Structures are given as structure tokens and as C-alpha cells.
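Dumped structure_10.pdb below, it's PDB, N, CA and C atoms:
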ATOM      1  N   MET A  16      -0.350 -21.999  -0.450
ATOM      2  CA  MET A  16      -0.652 -20.953   0.502
ATOM      3  C   MET A  16       0.055 -19.658   0.074
ATOM      4  N   SER A  17      -0.634 -18.555   0.236
ATOM      5  CA  SER A  17      -0.081 -17.266  -0.153
ATOM      6  C   SER A  17       0.994 -16.816   0.830
ATOM      7  N   LYS A  18       1.979 -16.112   0.300
ATOM      8  CA  LYS A  18       3.019 -15.568   1.174
ATOM      9  C   LYS A  18       2.563 -14.275   1.841
ATOM     10  N   TRP A  19       1.387 -13.763   1.441
ATOM     11  CA  TRP A  19       0.853 -12.528   2.007
ATOM     12  C   TRP A  19      -0.189 -12.849   3.072
ATOM     13  N   PRO A  20      -0.026 -12.346   4.286
ATOM     14  CA  PRO A  20      -1.061 -12.519   5.306
ATOM     15  C   PRO A  20      -2.113 -11.412   5.178
ATOM     16  N   ALA A  21      -3.343 -11.705   5.541
ATOM     17  CA  ALA A  21      -4.356 -10.648   5.595
ATOM     18  C   ALA A  21      -3.942  -9.688   6.710
ATOM     19  N   THR A  22      -4.076  -8.408   6.456
ATOM     20  CA  THR A  22      -3.647  -7.411   7.449
ATOM     21  C   THR A  22      -4.458  -6.134   7.300
ATOM     22  N   LYS A  23      -4.390  -5.281   8.280
ATOM     23  CA  LYS A  23      -5.130  -4.016   8.266
ATOM     24  C   LYS A  23      -4.472  -3.021   7.312
ATOM     25  N   ALA A  24      -5.305  -2.179   6.711
ATOM     26  CA  ALA A  24      -4.819  -1.185   5.757
ATOM     27  C   ALA A  24      -3.845  -0.206   6.398
ATOM     28  N   LYS A  25      -4.061   0.113   7.660
ATOM     29  CA  LYS A  25      -3.172   1.051   8.354
ATOM     30  C   LYS A  25      -1.736   0.512   8.385
ATOM     31  N   ARG A  26      -1.605  -0.789   8.584
ATOM     32  CA  ARG A  26      -0.278  -1.415   8.624
ATOM     33  C   ARG A  26       0.376  -1.410   7.233
ATOM     34  N   VAL A  27      -0.425  -1.636   6.214
ATOM     35  CA  VAL A  27       0.098  -1.625   4.842
ATOM     36  C   VAL A  27       0.558  -0.218   4.476
ATOM     37  N   LEU A  28      -0.254   0.786   4.799
ATOM     38  CA  LEU A  28       0.122   2.170   4.503
ATOM     39  C   LEU A  28       1.412   2.541   5.230
ATOM     40  N   SER A  29       1.550   2.141   6.478
ATOM     41  CA  SER A  29       2.778   2.423   7.233
ATOM     42  C   SER A  29       3.991   1.789   6.558
ATOM     43  N   ALA A  30       3.831   0.566   6.075
ATOM     44  CA  ALA A  30       4.930  -0.122   5.394
ATOM     45  C   ALA A  30       5.307   0.609   4.103
ATOM     46  N   LEU A  31       4.306   1.072   3.364
ATOM     47  CA  LEU A  31       4.588   1.808   2.123
ATOM     48  C   LEU A  31       5.340   3.108   2.424
ATOM     49  N   LEU A  32       4.946   3.785   3.480
ATOM     50  CA  LEU A  32       5.636   5.032   3.850
ATOM     51  C   LEU A  32       7.078   4.753   4.274
ATOM     52  N   ARG A  33       7.307   3.620   4.940
ATOM     53  CA  ARG A  33       8.670   3.260   5.363
ATOM     54  C   ARG A  33       9.577   2.971   4.172
ATOM     55  N   ILE A  34       9.026   2.434   3.076
ATOM     56  CA  ILE A  34       9.878   2.095   1.925
ATOM     57  C   ILE A  34       9.984   3.245   0.922
ATOM     58  N   GLY A  35       9.528   4.432   1.306
ATOM     59  CA  GLY A  35       9.782   5.598   0.471
ATOM     60  C   GLY A  35       8.591   6.233  -0.213
ATOM     61  N   TRP A  36       7.401   5.663  -0.077
ATOM     62  CA  TRP A  36       6.211   6.287  -0.648
ATOM     63  C   TRP A  36       5.800   7.463   0.227
ATOM     64  N   GLN A  37       5.215   8.489  -0.395
ATOM     65  CA  GLN A  37       4.734   9.661   0.327
ATOM     66  C   GLN A  37       3.303   9.942  -0.089
ATOM     67  N   VAL A  38       2.514  10.479   0.849
ATOM     68  CA  VAL A  38       1.144  10.867   0.521
ATOM     69  C   VAL A  38       1.220  12.173  -0.258
ATOM     70  N   LYS A  39       0.832  12.111  -1.517
ATOM     71  CA  LYS A  39       0.861  13.285  -2.386
ATOM     72  C   LYS A  39      -0.371  14.155  -2.135
ATOM     73  N   ARG A  40      -1.522  13.495  -2.012
ATOM     74  CA  ARG A  40      -2.762  14.196  -1.671
ATOM     75  C   ARG A  40      -3.775  13.177  -1.173
ATOM     76  N   GLN A  41      -4.772  13.688  -0.476
ATOM     77  CA  GLN A  41      -5.831  12.828   0.040
ATOM     78  C   GLN A  41      -7.159  13.415  -0.389
ATOM     79  N   ALA A  42      -7.975  12.609  -1.049
ATOM     80  CA  ALA A  42      -9.288  13.046  -1.519
ATOM     81  C   ALA A  42     -10.343  12.200  -0.833
ATOM     82  N   GLY A  43     -11.317  12.839  -0.246
ATOM     83  CA  GLY A  43     -12.323  12.086   0.494
ATOM     84  C   GLY A  43     -11.713  11.547   1.772
ATOM     85  N   GLY A  44     -12.318  10.550   2.333
ATOM     86  CA  GLY A  44     -11.825  10.015   3.592
ATOM     87  C   GLY A  44     -10.721   9.004   3.444
ATOM     88  N   SER A  45     -10.857   8.108   2.479
ATOM     89  CA  SER A  45      -9.926   6.988   2.437
ATOM     90  C   SER A  45      -9.039   6.954   1.202
ATOM     91  N   HIS A  46      -9.286   7.793   0.222
ATOM     92  CA  HIS A  46      -8.486   7.762  -1.001
ATOM     93  C   HIS A  46      -7.242   8.631  -0.838
ATOM     94  N   ARG A  47      -6.091   7.979  -0.854
ATOM     95  CA  ARG A  47      -4.815   8.692  -0.781
ATOM     96  C   ARG A  47      -4.028   8.407  -2.050
ATOM     97  N   VAL A  48      -3.456   9.440  -2.626
ATOM     98  CA  VAL A  48      -2.587   9.263  -3.779
ATOM     99  C   VAL A  48      -1.159   9.271  -3.260
ATOM    100  N   LEU A  49      -0.464   8.159  -3.479
ATOM    101  CA  LEU A  49       0.914   8.025  -3.016
ATOM    102  C   LEU A  49       1.858   8.235  -4.186
ATOM    103  N   SER A  50       3.006   8.809  -3.910
ATOM    104  CA  SER A  50       3.996   9.021  -4.964
ATOM    105  C   SER A  50       5.368   8.595  -4.466
ATOM    106  N   ARG A  51       6.198   8.249  -5.423
ATOM    107  CA  ARG A  51       7.586   7.871  -5.154
ATOM    108  C   ARG A  51       8.360   8.124  -6.445
ATOM    109  N   PRO A  52       9.566   8.665  -6.349
ATOM    110  CA  PRO A  52      10.335   8.912  -7.565
ATOM    111  C   PRO A  52      10.498   7.631  -8.396
ATOM    112  N   ASP A  53      10.421   7.763  -9.697
ATOM    113  CA  ASP A  53      10.586   6.676 -10.664
ATOM    114  C   ASP A  53       9.438   5.667 -10.658
ATOM    115  N   PHE A  54       8.315   5.986 -10.014
ATOM    116  CA  PHE A  54       7.130   5.136 -10.012
ATOM    117  C   PHE A  54       5.939   5.968 -10.452
ATOM    118  N   GLU A  55       4.918   5.308 -10.995
ATOM    119  CA  GLU A  55       3.659   5.992 -11.254
ATOM    120  C   GLU A  55       2.947   6.191  -9.925
ATOM    121  N   ASP A  56       2.138   7.245  -9.826
ATOM    122  CA  ASP A  56       1.358   7.455  -8.610
ATOM    123  C   ASP A  56       0.476   6.236  -8.354
ATOM    124  N   PHE A  57       0.219   5.958  -7.092
ATOM    125  CA  PHE A  57      -0.579   4.809  -6.695
ATOM    126  C   PHE A  57      -1.707   5.292  -5.791
ATOM    127  N   VAL A  58      -2.932   4.913  -6.120
ATOM    128  CA  VAL A  58      -4.090   5.297  -5.306
ATOM    129  C   VAL A  58      -4.328   4.212  -4.267
ATOM    130  N   PHE A  59      -4.216   4.592  -3.017
ATOM    131  CA  PHE A  59      -4.451   3.688  -1.890
ATOM    132  C   PHE A  59      -5.821   4.047  -1.344
ATOM    133  N   ALA A  60      -6.837   3.215  -1.628
ATOM    134  CA  ALA A  60      -8.229   3.555  -1.336
ATOM    135  C   ALA A  60      -8.838   2.630  -0.289
ATOM    136  N   PHE A  61      -8.248   2.624   0.894
ATOM    137  CA  PHE A  61      -8.733   1.764   1.968
ATOM    138  C   PHE A  61      -8.853   2.575   3.258
ATOM    139  N   HIS A  62      -9.896   2.272   4.047
ATOM    140  CA  HIS A  62     -10.003   2.848   5.377
ATOM    141  C   HIS A  62      -8.972   2.159   6.267
ATOM    142  N   ASP A  63      -8.459   2.867   7.265
ATOM    143  CA  ASP A  63      -7.388   2.341   8.117
ATOM    144  C   ASP A  63      -7.731   1.007   8.776
ATOM    145  N   ASP A  64      -8.968   0.819   9.208
ATOM    146  CA  ASP A  64      -9.357  -0.404   9.918
ATOM    147  C   ASP A  64      -9.801  -1.522   8.986
ATOM    148  N   GLN A  65      -9.790  -1.283   7.690
ATOM    149  CA  GLN A  65     -10.234  -2.292   6.721
ATOM    150  C   GLN A  65      -9.184  -3.387   6.583
ATOM    151  N   GLU A  66      -9.658  -4.621   6.542
ATOM    152  CA  GLU A  66      -8.778  -5.783   6.371
ATOM    153  C   GLU A  66      -8.489  -5.962   4.875
ATOM    154  N   ILE A  67      -7.223  -6.103   4.529
ATOM    155  CA  ILE A  67      -6.825  -6.336   3.137
ATOM    156  C   ILE A  67      -6.347  -7.776   3.034
ATOM    157  N   GLY A  68      -6.938  -8.509   2.113
ATOM    158  CA  GLY A  68      -6.618  -9.923   1.957
ATOM    159  C   GLY A  68      -5.368 -10.169   1.131
ATOM    160  N   PRO A  69      -4.928 -11.431   1.076
ATOM    161  CA  PRO A  69      -3.698 -11.795   0.368
ATOM    162  C   PRO A  69      -3.702 -11.431  -1.117
ATOM    163  N   ALA A  70      -4.820 -11.627  -1.801
ATOM    164  CA  ALA A  70      -4.863 -11.330  -3.240
ATOM    165  C   ALA A  70      -4.678  -9.834  -3.501
ATOM    166  N   MET A  71      -5.351  -9.005  -2.722
ATOM    167  CA  MET A  71      -5.214  -7.555  -2.907
ATOM    168  C   MET A  71      -3.822  -7.096  -2.509
ATOM    169  N   LEU A  72      -3.246  -7.677  -1.468
ATOM    170  CA  LEU A  72      -1.878  -7.321  -1.083
ATOM    171  C   LEU A  72      -0.899  -7.650  -2.202
ATOM    172  N   ALA A  73      -1.117  -8.764  -2.883
ATOM    173  CA  ALA A  73      -0.248  -9.124  -4.004
ATOM    174  C   ALA A  73      -0.369  -8.095  -5.129
ATOM    175  N   ARG A  74      -1.579  -7.596  -5.377
ATOM    176  CA  ARG A  74      -1.769  -6.578  -6.416
ATOM    177  C   ARG A  74      -1.103  -5.263  -6.017
ATOM    178  N   ILE A  75      -1.217  -4.888  -4.739
ATOM    179  CA  ILE A  75      -0.561  -3.673  -4.243
ATOM    180  C   ILE A  75       0.958  -3.810  -4.397
ATOM    181  N   ALA A  76       1.474  -4.981  -4.044
ATOM    182  CA  ALA A  76       2.915  -5.230  -4.122
ATOM    183  C   ALA A  76       3.433  -5.132  -5.552
ATOM    184  N   LYS A  77       2.622  -5.581  -6.498
ATOM    185  CA  LYS A  77       3.026  -5.541  -7.906
ATOM    186  C   LYS A  77       3.270  -4.095  -8.361
ATOM    187  N   HIS A  78       2.466  -3.169  -7.870
ATOM    188  CA  HIS A  78       2.593  -1.767  -8.265
ATOM    189  C   HIS A  78       3.600  -0.994  -7.420
ATOM    190  N   THR A  79       3.803  -1.409  -6.185
ATOM    191  CA  THR A  79       4.616  -0.620  -5.261
ATOM    192  C   THR A  79       5.944  -1.272  -4.886
ATOM    193  N   ARG A  80       6.106  -2.536  -5.257
ATOM    194  CA  ARG A  80       7.284  -3.341  -4.896
ATOM    195  C   ARG A  80       7.413  -3.566  -3.392
ATOM    196  N   LEU A  81       6.284  -3.615  -2.717
ATOM    197  CA  LEU A  81       6.251  -3.982  -1.301
ATOM    198  C   LEU A  81       6.511  -5.474  -1.176
ATOM    199  N   LYS A  82       7.263  -5.872  -0.164
ATOM    200  CA  LYS A  82       7.586  -7.289   0.065
ATOM    201  C   LYS A  82       6.926  -7.735   1.366
ATOM    202  N   PRO A  83       6.588  -9.018   1.474
ATOM    203  CA  PRO A  83       5.917  -9.515   2.689
ATOM    204  C   PRO A  83       6.692  -9.225   3.972
ATOM    205  N   ASP A  84       7.996  -9.280   3.939
ATOM    206  CA  ASP A  84       8.773  -9.053   5.157
ATOM    207  C   ASP A  84       8.833  -7.577   5.558
ATOM    208  N   GLU A  85       8.301  -6.676   4.712
ATOM    209  CA  GLU A  85       8.288  -5.250   5.033
ATOM    210  C   GLU A  85       7.035  -4.828   5.781
ATOM    211  N   LEU A  86       6.084  -5.752   5.935
ATOM    212  CA  LEU A  86       4.855  -5.427   6.678
ATOM    213  C   LEU A  86       5.123  -5.371   8.112
TER     214      LEU A  86
END

So that I can check it, write out the structure of this file as C-alpha cells.
Amino acid sequence: MSKWPATKAKRVLSALLRIGWQVKRQAGGSHRVLSRPDFEDFVFAFHDDQEIGPAMLARIAKHTRLKPDEL
């Protein structure tokens, strides 16, 4: 079983902002470019109400160092 629960994109974005990511710019409706010192920019391309599954959360975590307990 995955350690990542399926969750809404709005909750994931809030968690990323809490751990130090900032919205650098927003293009279109759902594409946000996030930045954090010492990291490459990360494109967060989800609508707020969209459900993100465990596999995608694991991929997001790999790039952003988000942990399951930070959601």
C-alpha cells in the first residue's frame, strides 16, 4: 500500500507553500510555476478541485521533497 493518500490539488499546493515553495508565476488557469531556493522550478499543473493520486503525489514529492505527513 502506498504511503501517499489521494488528495485534492488545493491541499497539495497549500502544503508546498507551507514548506517554502512560492508561486513564481501563473500561466493559464491551472499552470503555476513554483520556486524555492536551491531547487529547480517546478510546474504545478492541476486545477484546485482535481484529485491527485498516490503515484503522482510520489512524483511531486521526488521533485519537491514533500513528505506525506506535511499534507

Kindly indicate which residue among A:Lys25, A:Ile34, A:Asp53, A:Lys39 lies nearest to Ala76 (chain A), using only C-alpha atoms for the distances.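 The shortest atom-to-atom distance to Ala76 (chain A) comes from A:Ile34.
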
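Atom C of Thr79 (chain A) is found 10.7 Å from atom N of Pro52 (chain A).
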
Which is closer to Arg51 (chain A) than all the others in A:Asp63, A:Ala24, A:Trp19, A:Gly35, using all atoms listed in the file? A:Gly35

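Those residues that approach Leu72 (chain A) to within 8 Å, counting only N, CA and C atoms, are A:Trp19, A:Pro20, A:Ala21, A:Thr22, A:Ile67, A:Gly68, A:Pro69, A:Ile75, A:Ala76, A:Lys77, A:His78, A:Leu81; same-chain residues fewer than 3 positions away are not listed.
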
When the PyMOL selection byres ((chain A and resi 61) around 6.5) is applied to the structure above, which residues does it catch, written out as a list in words?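 Here the PyMOL selection byres ((chain A and resi 61) around 6.5) matches Ala24, Ser45, His46, Arg47, Phe59, Ala60, His62, Asp63, Asp64 and Gln65 of chain A.
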
Would you export the selected residues with N, CA and C atoms as an mmCIF file, in the frame of the given file, please?
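See result-v9.cif below for the written result:
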data_model
loop_
_atom_site.group_PDB
_atom_site.id
_atom_site.type_symbol
_atom_site.label_atom_id
_atom_site.label_comp_id
_atom_site.auth_asym_id
_atom_site.auth_seq_id
_atom_site.Cartn_x
_atom_site.Cartn_y
_atom_site.Cartn_z
ATOM 1 N N ALA A 24 -5.305 -2.179 6.711
ATOM 2 C CA ALA A 24 -4.819 -1.185 5.757
ATOM 3 C C ALA A 24 -3.845 -0.206 6.398
ATOM 4 N N SER A 45 -10.857 8.108 2.479
ATOM 5 C CA SER A 45 -9.926 6.988 2.437
ATOM 6 C C SER A 45 -9.039 6.954 1.202
ATOM 7 N N HIS A 46 -9.286 7.793 0.222
ATOM 8 C CA HIS A 46 -8.486 7.762 -1.001
ATOM 9 C C HIS A 46 -7.242 8.631 -0.838
ATOM 10 N N ARG A 47 -6.091 7.979 -0.854
ATOM 11 C CA ARG A 47 -4.815 8.692 -0.781
ATOM 12 C C ARG A 47 -4.028 8.407 -2.050
ATOM 13 N N PHE A 59 -4.216 4.592 -3.017
ATOM 14 C CA PHE A 59 -4.451 3.688 -1.890
ATOM 15 C C PHE A 59 -5.821 4.047 -1.344
ATOM 16 N N ALA A 60 -6.837 3.215 -1.628
ATOM 17 C CA ALA A 60 -8.229 3.555 -1.336
ATOM 18 C C ALA A 60 -8.838 2.630 -0.289
ATOM 19 N N HIS A 62 -9.896 2.272 4.047
ATOM 20 C CA HIS A 62 -10.003 2.848 5.377
ATOM 21 C C HIS A 62 -8.972 2.159 6.267
ATOM 22 N N ASP A 63 -8.459 2.867 7.265
ATOM 23 C CA ASP A 63 -7.388 2.341 8.117
ATOM 24 C C ASP A 63 -7.731 1.007 8.776
ATOM 25 N N ASP A 64 -8.968 0.819 9.208
ATOM 26 C CA ASP A 64 -9.357 -0.404 9.918
ATOM 27 C C ASP A 64 -9.801 -1.522 8.986
ATOM 28 N N GLN A 65 -9.790 -1.283 7.690
ATOM 29 C CA GLN A 65 -10.234 -2.292 6.721
ATOM 30 C C GLN A 65 -9.184 -3.387 6.583
#

CA of Val48 (chain A) sits from CA of Ser29 (chain A) at a separation of 14.0 Å

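Put simply, CA of Ser50 (chain A) is 9.6 Å away from atom C of Leu31 (chain A).
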
What are the DSSP helix (DSSP H, G or I) residues of region 19-71 of chain A, as a PyMOL selection string? chain A and resi 24-33+69-71

List the spatial neighbours of Leu86 (chain A) as a list of chain:residue names - criterion: any atom at most 6 Å away, all atoms listed in the file, same-chain residues fewer than 3 positions off excluded.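 Near Leu86 (chain A), the qualifying residues are A:Ala30, A:Lys82, A:Pro83.
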